[in-house]
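Engineer: Quick one, target-v7.txt (compact mmCIF, C-alpha atoms):
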# COMPACT_ATOMS: atom_id res chain seq x y z
CA MET A 1 59.76 34.74 29.06
CA ARG A 2 56.88 35.89 26.95
CA THR A 3 54.82 32.78 26.21
CA THR A 4 53.21 33.78 22.92
CA ALA A 5 56.16 33.19 20.64
CA ARG A 6 57.14 30.07 22.52
CA ARG A 7 53.69 28.55 22.17
CA THR A 8 53.59 29.47 18.50
CA ALA A 9 56.94 27.82 17.97
CA LEU A 10 56.04 24.73 19.95
CA SER A 11 52.96 24.17 17.82
CA LEU A 12 55.02 24.02 14.64
CA GLY A 13 57.20 20.99 14.88
CA THR A 14 55.77 18.73 17.56
CA ILE A 15 52.47 17.78 15.96
CA VAL A 16 52.04 14.03 15.77
CA VAL A 17 48.38 13.12 15.48
CA THR A 18 47.14 9.58 15.03
CA ALA A 19 46.57 9.02 11.34
CA GLY A 20 43.20 7.49 12.04
CA LEU A 21 41.86 10.86 13.13
CA LEU A 22 42.04 12.16 9.59
CA LEU A 23 38.60 11.12 8.48
CA THR A 24 36.81 11.32 11.83
CA GLY A 25 35.70 14.92 11.63
CA CYS A 26 32.78 14.54 9.25
CA THR A 27 29.79 16.53 10.31
CA SER A 28 26.45 17.75 9.06
CA PRO A 29 26.35 21.16 7.43
CA GLY A 30 24.49 22.70 10.37
CA SER A 31 22.69 25.95 9.78
CA SER A 32 25.50 27.90 8.14
CA THR A 33 25.37 29.23 4.62
CA THR A 34 26.73 26.62 2.21
CA ASP A 35 26.35 28.24 -1.18
CA LYS A 36 27.82 31.39 -2.72
CA THR A 37 24.76 33.54 -2.03
CA THR A 38 25.96 36.83 -0.66
CA VAL A 39 24.79 37.70 2.82
CA SER A 40 23.26 41.17 2.80
CA GLN A 41 24.45 44.03 4.94
CA ALA A 42 21.03 44.05 6.53
CA ASP A 43 21.53 40.43 7.60
CA ILE A 44 24.95 41.29 9.01
CA ASP A 45 23.61 44.29 10.93
CA LYS A 46 20.79 42.20 12.33
CA ALA A 47 23.14 39.41 13.42
CA LEU A 48 25.45 41.84 15.18
CA ASP A 49 22.55 43.52 16.96
CA THR A 50 21.09 40.25 18.23
CA PRO A 51 22.12 38.87 21.65
CA THR A 52 24.45 36.04 20.72
CA LYS A 53 26.91 33.74 22.50
CA LEU A 54 30.00 32.64 20.56
CA THR A 55 32.69 30.16 21.56
CA PHE A 56 36.23 30.73 20.32
CA TRP A 57 38.97 28.10 20.62
CA THR A 58 42.46 29.58 20.46
CA TRP A 59 45.85 29.15 22.08
CA VAL A 60 47.00 32.78 21.80
CA PRO A 61 47.68 34.16 25.31
CA ASP A 62 45.77 37.30 26.25
CA ILE A 63 43.67 37.21 23.10
CA GLU A 64 40.81 38.30 25.35
CA ASN A 65 42.19 41.81 24.83
CA GLU A 66 41.48 41.74 21.10
CA VAL A 67 38.16 40.00 21.68
CA ALA A 68 37.24 42.79 24.10
CA LEU A 69 37.65 45.31 21.28
CA PHE A 70 35.15 43.29 19.24
CA GLU A 71 32.69 43.05 22.12
CA LYS A 72 32.99 46.79 22.74
CA LYS A 73 32.04 47.48 19.13
CA TYR A 74 29.29 44.84 19.13
CA PRO A 75 27.99 44.71 22.74
CA LYS A 76 25.22 42.25 21.91
CA ILE A 77 27.83 39.57 21.11
CA ASP A 78 29.34 37.66 24.05
CA VAL A 79 32.47 35.66 23.21
CA GLU A 80 33.71 32.83 25.40
CA VAL A 81 37.44 32.32 24.80
CA VAL A 82 38.61 28.77 25.48
CA ASN A 83 42.19 27.49 25.37
CA VAL A 84 41.89 23.75 24.80
CA GLY A 85 45.57 23.38 23.95
CA ASN A 86 47.67 24.38 20.99
CA GLY A 87 48.11 22.70 17.63
CA ALA A 88 47.56 18.96 17.81
CA ASP A 89 45.82 19.09 21.18
CA GLU A 90 43.19 21.46 19.84
CA TYR A 91 42.78 19.60 16.55
CA THR A 92 42.18 16.28 18.30
CA LYS A 93 39.46 17.79 20.49
CA LEU A 94 38.00 19.65 17.54
CA ARG A 95 37.72 16.51 15.41
CA THR A 96 36.20 14.63 18.31
CA ALA A 97 33.57 17.32 18.81
CA LEU A 98 32.77 17.45 15.12
CA LYS A 99 32.38 13.69 14.92
CA ALA A 100 30.10 13.71 17.97
CA GLY A 101 28.03 16.48 16.44
CA LYS A 102 28.20 18.62 19.57
CA GLY A 103 30.65 20.74 21.51
CA ALA A 104 32.48 22.31 18.59
CA PRO A 105 33.21 26.05 18.82
CA ASP A 106 31.96 28.72 16.45
CA VAL A 107 35.46 29.96 15.67
CA ALA A 108 38.76 28.09 15.97
CA GLN A 109 42.42 28.81 15.40
CA ILE A 110 44.03 26.48 12.83
CA GLU A 111 47.52 26.56 11.32
CA TYR A 112 47.69 26.99 7.56
CA GLN A 113 49.00 23.49 6.87
CA TYR A 114 45.99 21.90 8.57
CA LEU A 115 43.21 23.84 6.86
CA SER A 116 42.94 21.31 4.05
CA SER A 117 42.39 18.41 6.48
CA PHE A 118 39.35 20.20 7.90
CA ARG A 119 38.18 21.07 4.40
CA LEU A 120 38.39 17.38 3.52
CA THR A 121 35.90 16.53 6.26
CA ASP A 122 33.59 19.40 5.22
CA SER A 123 34.06 21.02 8.62
CA LEU A 124 34.72 24.62 7.59
CA ALA A 125 32.28 27.29 6.50
CA ASP A 126 33.09 28.95 3.19
CA LEU A 127 33.47 32.59 4.13
CA THR A 128 32.91 34.11 0.69
CA PRO A 129 29.15 34.64 1.21
CA TYR A 130 30.03 36.95 4.09
CA GLY A 131 32.37 39.09 2.01
CA ALA A 132 35.72 37.54 2.90
CA ALA A 133 37.03 37.67 -0.67
CA ASP A 134 36.85 41.47 -0.51
CA LEU A 135 39.67 41.39 2.05
CA SER A 136 42.23 39.80 -0.26
CA ASP A 137 44.09 43.00 -1.13
CA GLU A 138 44.58 43.81 2.54
CA TYR A 139 46.87 40.84 3.20
CA VAL A 140 50.27 39.73 1.97
CA GLU A 141 49.65 37.77 -1.23
CA TRP A 142 51.25 34.48 -0.24
CA VAL A 143 49.41 34.53 3.09
CA TRP A 144 46.05 35.09 1.46
CA ASN A 145 46.75 32.20 -0.89
CA GLN A 146 46.97 29.98 2.17
CA VAL A 147 43.30 30.61 3.01
CA GLN A 148 41.76 30.95 -0.46
CA THR A 149 41.45 28.09 -2.92
CA GLU A 150 41.49 28.26 -6.72
CA ASP A 151 37.70 28.27 -6.92
CA GLY A 152 37.65 31.54 -4.98
CA SER A 153 36.43 30.06 -1.71
CA VAL A 154 37.90 31.57 1.45
CA TRP A 155 38.22 29.19 4.39
CA ALA A 156 39.84 31.30 7.08
CA ILE A 157 41.09 34.75 8.02
CA PRO A 158 44.90 34.96 8.37
CA GLN A 159 46.24 35.73 11.83
CA ASP A 160 50.03 35.44 11.86
CA SER A 161 52.92 34.06 9.81
CA GLY A 162 56.61 33.13 9.98
CA PRO A 163 58.75 34.24 7.03
CA LEU A 164 62.26 32.83 7.31
CA GLY A 165 65.35 34.77 8.27
CA ASN A 166 68.69 34.29 10.02
CA LEU A 167 69.48 35.35 13.58
CA TYR A 168 73.16 35.26 14.44
CA ARG A 169 75.61 36.08 17.21
CA SER A 170 77.61 38.97 15.80
CA ASP A 171 80.18 38.62 18.59
CA ILE A 172 80.90 34.96 17.79
CA LEU A 173 81.14 35.68 14.07
CA ALA A 174 83.54 38.55 14.87
CA GLN A 175 85.74 36.15 16.85
CA ALA A 176 85.98 34.07 13.68
CA GLY A 177 86.86 37.14 11.61
CA ILE A 178 83.43 37.33 9.96
CA THR A 179 81.92 40.81 9.88
CA GLU A 180 78.72 40.23 7.90
CA ALA A 181 76.06 37.57 7.70
CA PRO A 182 76.42 35.16 4.77
CA THR A 183 74.21 36.08 1.84
CA THR A 184 74.37 32.72 0.02
CA TRP A 185 74.14 29.15 1.21
CA ALA A 186 77.58 28.49 -0.27
CA GLN A 187 79.01 31.28 1.87
CA TYR A 188 77.03 29.99 4.85
CA ALA A 189 78.78 26.62 4.56
CA GLU A 190 82.18 28.30 4.36
CA ASP A 191 81.39 30.41 7.40
CA ALA A 192 80.21 27.33 9.27
CA ALA A 193 83.66 25.76 8.90
CA THR A 194 85.42 29.00 9.85
CA ILE A 195 83.27 29.53 12.96
CA LYS A 196 83.64 25.94 14.16
CA ALA A 197 87.43 26.03 13.77
CA ALA A 198 87.85 29.43 15.42
CA THR A 199 85.28 29.30 18.22
CA GLY A 200 83.96 25.75 18.56
CA SER A 201 80.42 27.00 18.00
CA TYR A 202 78.00 25.59 15.47
CA ILE A 203 76.70 28.10 12.96
CA SER A 204 73.20 26.77 13.64
CA ASN A 205 71.21 23.76 14.70
CA MET A 206 69.27 21.44 12.38
CA PRO A 207 66.86 19.42 14.56
CA GLY A 208 65.43 16.10 13.50
CA ASN A 209 62.14 16.68 15.27
CA ASP A 210 60.91 19.80 13.45
CA PRO A 211 59.45 19.15 9.99
CA GLY A 212 58.06 22.69 9.83
CA GLN A 213 61.54 24.16 9.66
CA MET A 214 62.68 21.79 6.91
CA VAL A 215 59.51 22.35 4.89
CA GLY A 216 60.10 26.09 5.20
CA LEU A 217 63.55 25.58 3.69
CA PHE A 218 61.98 23.53 0.89
CA TRP A 219 59.60 26.44 0.30
CA GLN A 220 62.51 28.86 0.01
CA ALA A 221 64.25 26.58 -2.50
CA GLY A 222 61.24 26.64 -4.82
CA ALA A 223 60.06 23.10 -4.06
CA LYS A 224 56.39 22.14 -4.36
CA PRO A 225 56.27 18.89 -2.39
CA PHE A 226 52.52 18.86 -1.75
CA GLY A 227 49.31 19.58 -3.60
CA TYR A 228 45.59 19.02 -3.15
CA ASP A 229 42.70 19.63 -5.52
CA GLY A 230 40.13 19.91 -2.74
CA ASP A 231 38.62 16.53 -3.59
CA LYS A 232 40.41 13.20 -3.97
CA THR A 233 43.55 14.01 -5.93
CA VAL A 234 46.81 14.91 -4.26
CA LYS A 235 50.32 15.68 -5.41
CA VAL A 236 53.26 14.10 -3.61
CA ASP A 237 56.66 15.28 -4.83
CA ILE A 238 58.69 15.20 -1.64
CA ALA A 239 61.83 13.78 -3.24
CA SER A 240 62.11 16.40 -5.99
CA ASP A 241 65.27 17.96 -7.36
CA GLU A 242 64.65 21.06 -5.25
CA THR A 243 64.16 19.19 -1.99
CA LYS A 244 67.16 16.94 -2.72
CA LYS A 245 69.27 20.06 -3.12
CA VAL A 246 68.24 21.26 0.33
CA VAL A 247 68.65 17.85 1.97
CA ASP A 248 72.06 17.20 0.38
CA TYR A 249 73.25 20.62 1.53
CA TRP A 250 72.37 20.00 5.17
CA ASN A 251 73.57 16.42 4.98
CA ASP A 252 77.04 17.72 4.04
CA LEU A 253 77.10 20.13 6.99
CA ILE A 254 75.89 17.44 9.39
CA GLN A 255 78.45 14.88 8.23
CA LYS A 256 81.22 17.46 8.68
CA ASP A 257 79.91 18.29 12.18
CA LEU A 258 79.40 21.92 11.23
CA VAL A 259 75.80 22.07 12.46
CA SER A 260 74.35 20.34 15.50
CA VAL A 261 71.29 18.11 15.36
CA ASP A 262 69.81 18.73 18.79
CA PRO A 263 66.04 18.42 19.24
CA ASP A 264 64.59 21.91 19.48
CA PHE A 265 62.23 23.67 21.90
CA ASN A 266 63.41 21.91 25.04
CA ASP A 267 65.60 23.05 27.93
CA SER A 268 68.82 21.86 26.32
CA PHE A 269 68.01 23.80 23.15
CA TYR A 270 67.26 26.96 25.10
CA GLN A 271 70.49 26.63 27.06
CA SER A 272 72.45 26.16 23.85
CA LEU A 273 71.03 29.39 22.45
CA ALA A 274 72.04 31.19 25.64
CA SER A 275 75.48 29.60 26.03
CA GLY A 276 76.88 30.23 22.56
CA LYS A 277 76.82 26.62 21.41
CA TYR A 278 74.89 27.97 18.43
CA ALA A 279 76.32 31.02 16.66
CA GLY A 280 73.01 31.50 14.89
CA TRP A 281 69.57 30.19 14.17
CA VAL A 282 67.89 29.86 10.77
CA THR A 283 64.39 30.59 11.93
CA ALA A 284 61.21 32.61 11.40
CA ALA A 285 59.82 36.05 12.14
CA TRP A 286 58.26 34.93 15.43
CA ALA A 287 61.69 33.96 16.77
CA PRO A 288 63.32 37.34 17.56
CA VAL A 289 61.04 37.97 20.55
CA PHE A 290 61.14 34.31 21.56
CA LEU A 291 64.93 34.48 21.63
CA GLN A 292 64.92 37.56 23.85
CA GLY A 293 63.23 35.55 26.58
CA THR A 294 65.22 32.38 26.02
CA ALA A 295 68.69 33.94 25.89
CA ALA A 296 68.25 37.18 27.82
CA ASN A 297 71.87 37.06 29.01
CA THR A 298 73.06 37.56 25.41
CA SER A 299 71.31 40.88 24.88
CA GLY A 300 73.07 43.14 22.41
CA LYS A 301 75.01 40.29 20.82
CA TRP A 302 72.47 39.22 18.18
CA THR A 303 71.72 40.54 14.70
CA ALA A 304 68.86 39.68 12.37
CA ALA A 305 69.49 39.12 8.66
CA LYS A 306 67.77 37.72 5.64
CA ILE A 307 68.06 34.02 4.96
CA PRO A 308 70.96 33.00 2.69
CA GLN A 309 70.09 32.54 -0.98
CA TRP A 310 70.76 29.65 -3.33
CA ASN A 311 71.81 32.06 -6.07
CA GLU A 312 73.77 35.26 -5.54
CA GLY A 313 71.51 38.27 -5.96
CA ASP A 314 68.24 36.42 -5.32
CA ASP A 315 65.87 37.59 -2.60
CA VAL A 316 63.55 34.68 -1.79
CA SER A 317 62.29 33.31 1.49
CA GLY A 318 60.03 30.57 2.75
CA ASN A 319 57.67 30.36 5.71
CA TRP A 320 57.65 28.42 8.95
CA GLY A 321 54.53 28.71 11.07
CA GLY A 322 51.52 30.92 11.34
CA SER A 323 47.83 30.36 11.79
CA SER A 324 44.34 31.51 10.90
CA ASP A 325 40.85 31.66 12.38
CA VAL A 326 38.07 29.59 10.83
CA VAL A 327 34.32 29.42 11.25
CA LEU A 328 33.09 25.91 11.82
CA LYS A 329 30.28 24.77 9.58
CA THR A 330 28.29 23.66 12.61
CA SER A 331 28.06 27.19 14.01
CA GLU A 332 24.49 28.32 14.59
CA ASN A 333 25.62 31.93 14.30
CA PRO A 334 27.91 31.96 11.25
CA ILE A 335 27.54 35.67 10.48
CA ALA A 336 28.56 36.78 13.97
CA ALA A 337 31.30 34.12 14.02
CA TYR A 338 32.71 35.41 10.74
CA GLU A 339 32.58 38.99 11.99
CA LEU A 340 34.60 37.95 15.05
CA ALA A 341 37.25 36.18 12.97
CA LYS A 342 37.41 39.13 10.62
CA PHE A 343 37.50 41.83 13.26
CA ILE A 344 40.33 40.52 15.42
CA ASN A 345 42.50 39.83 12.35
CA ASN A 346 41.55 42.88 10.29
CA ASP A 347 40.74 45.79 12.59
CA PRO A 348 43.85 48.05 12.72
CA GLU A 349 43.85 48.39 16.50
CA SER A 350 43.42 44.65 17.02
CA THR A 351 46.09 43.59 14.53
CA LEU A 352 48.56 46.10 15.95
CA LYS A 353 47.92 44.77 19.45
CA PHE A 354 48.63 41.25 18.19
CA ALA A 355 51.92 42.49 16.72
CA THR A 356 53.15 44.67 19.58
CA ASP A 357 51.61 43.04 22.67
CA GLN A 358 51.55 39.33 21.81
CA PHE A 359 54.29 39.51 19.18
CA LEU A 360 52.42 37.61 16.49
CA PHE A 361 54.04 38.43 13.18
CA PRO A 362 51.48 40.35 11.07
CA THR A 363 49.85 39.21 7.87
CA LYS A 364 47.97 42.42 7.11
CA THR A 365 49.85 44.85 4.90
CA ASP A 366 48.93 48.02 6.76
CA THR A 367 50.13 46.53 10.06
CA LEU A 368 53.39 45.50 8.40
CA ALA A 369 53.87 49.14 7.38
CA ASP A 370 52.69 50.74 10.61
CA PRO A 371 55.48 52.87 12.18
CA ALA A 372 54.39 51.62 15.61
CA PHE A 373 55.51 48.18 14.44
CA VAL A 374 58.33 48.64 11.93
CA ASP A 375 60.11 51.52 13.70
CA GLN A 376 60.63 49.61 16.93
CA GLN A 377 64.31 49.39 17.82
CA SER A 378 65.39 46.34 19.78
CA GLU A 379 68.06 46.67 22.45
CA PHE A 380 68.52 42.90 22.32
CA TYR A 381 69.54 43.25 18.66
CA GLY A 382 71.78 46.26 19.21
CA GLY A 383 69.10 48.79 18.32
CA GLN A 384 68.25 47.11 15.02
CA LYS A 385 64.76 47.51 13.54
CA VAL A 386 64.12 43.79 13.36
CA ASN A 387 60.41 44.13 12.58
CA GLU A 388 61.25 46.28 9.58
CA LEU A 389 63.64 43.62 8.29
CA PHE A 390 61.12 40.81 8.54
CA ALA A 391 58.32 42.98 7.15
CA GLY A 392 60.41 43.21 3.98
CA VAL A 393 61.14 39.48 4.06
CA SER A 394 57.42 38.71 4.10
CA ASP A 395 57.09 40.14 0.60
CA THR A 396 59.71 37.69 -0.73
CA VAL A 397 57.94 34.44 0.19
CA ASP A 398 56.86 32.34 -2.79
CA VAL A 399 53.14 33.01 -3.24
CA SER A 400 52.14 29.46 -4.17
CA PHE A 401 52.71 26.68 -1.67
CA GLU A 402 50.16 23.98 -0.91
CA TRP A 403 49.61 21.27 1.67
CA LEU A 404 48.19 17.76 1.78
CA PRO A 405 44.89 17.09 3.57
CA PHE A 406 46.69 14.77 5.98
CA MET A 407 49.66 16.79 7.17
CA ASP A 408 49.34 15.09 10.57
CA TYR A 409 50.57 11.90 8.95
CA VAL A 410 53.09 13.69 6.72
CA TYR A 411 54.85 15.25 9.70
CA SER A 412 54.67 12.05 11.75
CA SER A 413 56.25 10.17 8.83
CA TYR A 414 58.95 12.84 8.59
CA ASN A 415 59.96 12.18 12.18
CA GLU A 416 60.38 8.49 11.39
CA THR A 417 62.31 8.95 8.15
CA LEU A 418 64.15 12.18 7.35
CA GLY A 419 63.97 13.48 10.90
CA LYS A 420 65.39 10.25 12.29
CA ALA A 421 68.20 10.33 9.73
CA ILE A 422 69.08 13.86 10.82
CA ALA A 423 69.14 12.86 14.48
CA ASP A 424 71.17 9.73 13.74
CA LYS A 425 73.46 11.55 11.25
CA THR A 426 72.80 8.93 8.59
CA ASP A 427 72.20 9.47 4.86
CA LEU A 428 69.48 12.06 4.40
CA SER A 429 68.92 11.43 0.70
CA THR A 430 67.82 7.84 1.30
CA ALA A 431 65.56 9.01 4.12
CA LEU A 432 64.01 11.70 1.92
CA GLN A 433 62.97 9.07 -0.61
CA ALA A 434 61.62 6.88 2.19
CA TRP A 435 59.51 9.80 3.39
CA ASP A 436 58.15 10.31 -0.13
CA ASP A 437 57.38 6.60 -0.46
CA GLU A 438 55.57 6.43 2.88
CA VAL A 439 53.41 9.46 2.19
CA THR A 440 52.56 8.23 -1.31
CA ALA A 441 51.54 4.82 0.02
CA TYR A 442 49.43 6.38 2.75
CA ALA A 443 47.64 8.67 0.29
CA LYS A 444 46.72 5.73 -1.91
CA LYS A 445 45.57 3.71 1.08
CA GLN A 446 43.27 6.58 2.04
CA GLY A 447 41.71 6.45 -1.43
CA PHE A 448 43.44 9.45 -3.02
CA THR A 449 44.68 9.58 -6.57
CA VAL A 450 48.35 10.54 -6.39
CA GLU A 451 49.93 12.68 -9.07
Write the structure described by the file as structure tokens, please.
Structural biologist:
Amino acid sequence: MRTTARRTALSLGTIVVTAGLLLTGCTSPGSSTTDKTTVSQADIDKALDTPTKLTFWTWVPDIENEVALFEKKYPKIDVEVVNVGNGADEYTKLRTALKAGKGAPDVAQIEYQYLSSFRLTDSLADLTPYGAADLSDEYVEWVWNQVQTEDGSVWAIPQDSGPLGNLYRSDILAQAGITEAPTTWAQYAEDAATIKAATGSYISNMPGNDPGQMVGLFWQAGAKPFGYDGDKTVKVDIASDETKKVVDYWNDLIQKDLVSVDPDFNDSFYQSLASGKYAGWVTAAWAPVFLQGTAANTSGKWTAAKIPQWNEGDDVSGNWGGSSDVVLKTSENPIAAYELAKFINNDPESTLKFATDQFLFPTKTDTLADPAFVDQQSEFYGGQKVNELFAGVSDTVDVSFEWLPFMDYVYSSYNETLGKAIADKTDLSTALQAWDDEVTAYAKKQGFTVE
């Protein structure tokens, strides 16, 4: 099995970091630029022509290939690629290094939902002095909004994303007399009952251990559960009308035993995908390749479709996953570090390699339109152009979705409230409110003003 998609997926829903780590990353500004003064092209040219050693923390397998393209173009720059673990493992080590004031890398991979926690501790270099804002039109709008704040500051360069879609077993649906994927959530529920009665399969799985998936569904429903002003004011609206709609919907399917509630990304989950226990998977754009490795024996039986809509005729999606590359404020070579982060995520050859060799779903618009990417036909999906489908889905993600600066705690709290209720098949609405209450209390305890 290709490991890239699996590692991406595993980093999404299993992050449980000790809440006390939140405020332990404070660090001195170092020697990086801290104001909005534009760095001149002469300064950039000089930095790239000066022998320099950079350290890059990332969990993307084989990323040395993209880094090699950068080093070929800028032979004076030597990049040491270090895999210190994915997601929470890396963040813990990163915060420890920042607190100690030594050992932090120049560039690091960080998922979108955790950028604000590193902004809170003043750990990230603002990339606007180096020209990052000029890149905005080259990326999908909602993705760029994940790395740029309202004041115009840019804190990272987007790397990959995970717009939501629906992968389904066309053969199992056919056994149930269903010839097309459901286009609305109402139809999805009807099909779930039909499939279960006719085949014994669940239309999908709703795990209790994966907050990223549920938050992606909130995103698709138009919910705005989180907000952060970049200082000490946060918005917590987890138990909103929009999120209640989503939770009540899945609660009904769970209570009727029409979806399973198995923990995901373990051997049992993989076997269930391969055995036909699940007739589908509401998932993200990184999943099609992941599934090919996990359920290779089902090749030719799967089809990719857009996610069902709440209202007939709508075309809206959410996002689950994705990451970016940041420059740490402690870097002694911020210009070269920025140029590395920019190059691997902006150079056409590099971004296409990410998409076609490591199967990271693109964030750059020209890569999303590149025939070498969108025209690929997948035998596993019956010759379907799956990349083309998800490239279109990416344009339908709501452009404004924010995070709290302590998503470590938010996701940990989810696992103890709403996630536990899913696993135990108890009332999800009560658990949703408990999750809201816990996060609100935590924010206040940390000294935030809660809207």
Engineer: Go through A:Glu242, A:Glu190, A:Asp427, A:Glu150 one by one, measure the shortest atom-to-atom distance of each to Gly230 (chain A) using all atoms listed in the file, and give the residue with the smallest value.
Structural biologist: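 So, comparing all the options, the nearest one is A:Glu150.
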Engineer: Do you know which residues are at most 8 Å from Gln113 (chain A) counting all atoms listed in the file, after dropping those on the same chain fewer than 4 positions away, and could you put them as a PDB file with C-alpha atoms, in the coordinates of the input?
Structural biologist:
ATOM      1  CA  GLU A 402      50.160  23.980  -0.910  1.00  0.00           C
ATOM      2  CA  TRP A 403      49.610  21.270   1.670  1.00  0.00           C
ATOM      3  CA  LEU A 404      48.190  17.760   1.780  1.00  0.00           C
ATOM      4  CA  MET A 407      49.660  16.790   7.170  1.00  0.00           C
TER       5      MET A 407
END
Engineer: With only C-alpha atoms as the counted atoms, please give the residues lying no more than 12 Å from Pro308 (chain A), apart from itself and same-chain residues fewer than 2 positions off, as a VMD selection string.
Structural biologist: chain A and resid 164 to 167 180 to 189 191 217 220 to 221 281 to 283 304 to 306 310 to 318 393
Engineer: For the selection just defined, write its residues with C-alpha atoms to a file, as a PDB file, keeping the file's coordinate frame.
Structural biologist:
ATOM      1  CA  LEU A 164      62.260  32.830   7.310  1.00  0.00           C
ATOM      2  CA  GLY A 165      65.350  34.770   8.270  1.00  0.00           C
ATOM      3  CA  ASN A 166      68.690  34.290  10.020  1.00  0.00           C
ATOM      4  CA  LEU A 167      69.480  35.350  13.580  1.00  0.00           C
ATOM      5  CA  GLU A 180      78.720  40.230   7.900  1.00  0.00           C
ATOM      6  CA  ALA A 181      76.060  37.570   7.700  1.00  0.00           C
ATOM      7  CA  PRO A 182      76.420  35.160   4.770  1.00  0.00           C
ATOM      8  CA  THR A 183      74.210  36.080   1.840  1.00  0.00           C
ATOM      9  CA  THR A 184      74.370  32.720   0.020  1.00  0.00           C
ATOM     10  CA  TRP A 185      74.140  29.150   1.210  1.00  0.00           C
ATOM     11  CA  ALA A 186      77.580  28.490  -0.270  1.00  0.00           C
ATOM     12  CA  GLN A 187      79.010  31.280   1.870  1.00  0.00           C
ATOM     13  CA  TYR A 188      77.030  29.990   4.850  1.00  0.00           C
ATOM     14  CA  ALA A 189      78.780  26.620   4.560  1.00  0.00           C
ATOM     15  CA  ASP A 191      81.390  30.410   7.400  1.00  0.00           C
ATOM     16  CA  LEU A 217      63.550  25.580   3.690  1.00  0.00           C
ATOM     17  CA  GLN A 220      62.510  28.860   0.010  1.00  0.00           C
ATOM     18  CA  ALA A 221      64.250  26.580  -2.500  1.00  0.00           C
ATOM     19  CA  TRP A 281      69.570  30.190  14.170  1.00  0.00           C
ATOM     20  CA  VAL A 282      67.890  29.860  10.770  1.00  0.00           C
ATOM     21  CA  THR A 283      64.390  30.590  11.930  1.00  0.00           C
ATOM     22  CA  ALA A 304      68.860  39.680  12.370  1.00  0.00           C
ATOM     23  CA  ALA A 305      69.490  39.120   8.660  1.00  0.00           C
ATOM     24  CA  LYS A 306      67.770  37.720   5.640  1.00  0.00           C
ATOM     25  CA  TRP A 310      70.760  29.650  -3.330  1.00  0.00           C
ATOM     26  CA  ASN A 311      71.810  32.060  -6.070  1.00  0.00           C
ATOM     27  CA  GLU A 312      73.770  35.260  -5.540  1.00  0.00           C
ATOM     28  CA  GLY A 313      71.510  38.270  -5.960  1.00  0.00           C
ATOM     29  CA  ASP A 314      68.240  36.420  -5.320  1.00  0.00           C
ATOM     30  CA  ASP A 315      65.870  37.590  -2.600  1.00  0.00           C
ATOM     31  CA  VAL A 316      63.550  34.680  -1.790  1.00  0.00           C
ATOM     32  CA  SER A 317      62.290  33.310   1.490  1.00  0.00           C
ATOM     33  CA  GLY A 318      60.030  30.570   2.750  1.00  0.00           C
ATOM     34  CA  VAL A 393      61.140  39.480   4.060  1.00  0.00           C
TER      35      VAL A 393
END
Engineer: Restricting the calculation to only C-alpha atoms, which member of A:Asp398, A:Glu71, A:Asp134, A:Glu379 is positioned closest to Gln292 (chain A)?
Structural biologist: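 Using only C-alpha atoms, Gln292 (chain A) sits closest to A:Glu379.
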Engineer: Work out how far apart CA of Phe56 (chain A) and CA of Leu328 (chain A) are and give it in Å to one decimal.
Structural biologist: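 Computing the Euclidean distance for CA of Phe56 (chain A) and CA of Leu328 (chain A) yields 10.3 Å.
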Engineer: Of the candidates A:Pro225, A:Pro288, A:Pro362, A:Gly383, which one gets nearest to Val439 (chain A) if we count all atoms listed in the file?
Structural biologist: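 Of all the options, A:Pro225 lies closest to Val439 (chain A).
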Engineer: With distances taken over all atoms listed in the file, which residue among A:Ala284, A:Leu253, A:Leu291, A:Ile335 lies nearest Ala42 (chain A)?
Structural biologist: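 Among A:Ala284, A:Leu253, A:Leu291, A:Ile335, it is A:Ile335 that comes nearest to Ala42 (chain A).
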Engineer: What is the distance between CA of Tyr278 (chain A) and CA of Gln255 (chain A), in Å to one decimal?
Structural biologist: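 Interatomic distance, CA of Tyr278 (chain A) to CA of Gln255 (chain A): 17.0 Å.
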Engineer: Please identify all polymer residues within 8 Å of Gly152 (chain A), counting all atoms listed in the file, omitting same-chain residues fewer than 3 positions from it, and present them as a list in words.
Structural biologist: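 Listing them by chain and then by number gives Thr128, Ala133, Gln148 and Thr149 of chain A.
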Engineer: Which residues, protein or nucleic acid, reach to within 6 Å of (57.3, 34.5, 17.0) in the file's coordinates when using all atoms listed in the file, and can you give that as a PyMOL selection string?
Structural biologist: chain A and resi 5+285-287+290+360
Engineer: Could you list, as number ranges by chain, every residue within 7 Å of Leu124 (chain A), counting all atoms listed in the file and ignoring same-chain residues fewer than 5 positions away?
Structural biologist: A: 118-119, 155, 326-329
Engineer: May I ask for the distance between CA of Ser378 (chain A) and CA of Lys196 (chain A), given in Å to one decimal place?
Structural biologist: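 About the pair CA of Ser378 (chain A) and CA of Lys196 (chain A): they are 27.9 Å apart.
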Engineer: Just checking: using all atoms listed in the file, which residue out of A:Val236, A:Val81, A:Ala295, A:Val386 ends up closest to Phe373 (chain A)?
Structural biologist: A:Val386
Engineer: Would you pick out the contacts of Ser136 (chain A) at 10 Å or less, using all atoms listed in the file, so that residues sharing its chain but fewer than 6 positions from it are not included, and give the list as a PyMOL selection string?
Structural biologist: chain A and resi 143-145+147-148+154+157+364
Engineer: My list of candidates is A:Ser201, A:Ala223, A:Thr356, A:Trp435. Which is closest to Leu273 (chain A) when distances are computed with only C-alpha atoms?
Structural biologist: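 Selected residue with least distance to Leu273 (chain A): A:Ser201.
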Engineer: Padding of 3 Å on every side, edges along x, y and z, all listed atoms of region 406-425 of chain A included: what centre and edge lengths in Å, to one decimal, does that box have, as lines of an AutoDock Vina configuration file?
Structural biologist:
center_x = 60.1
center_y = 12.6
center_z = 10.2
size_x = 32.8
size_y = 14.3
size_z = 14.5
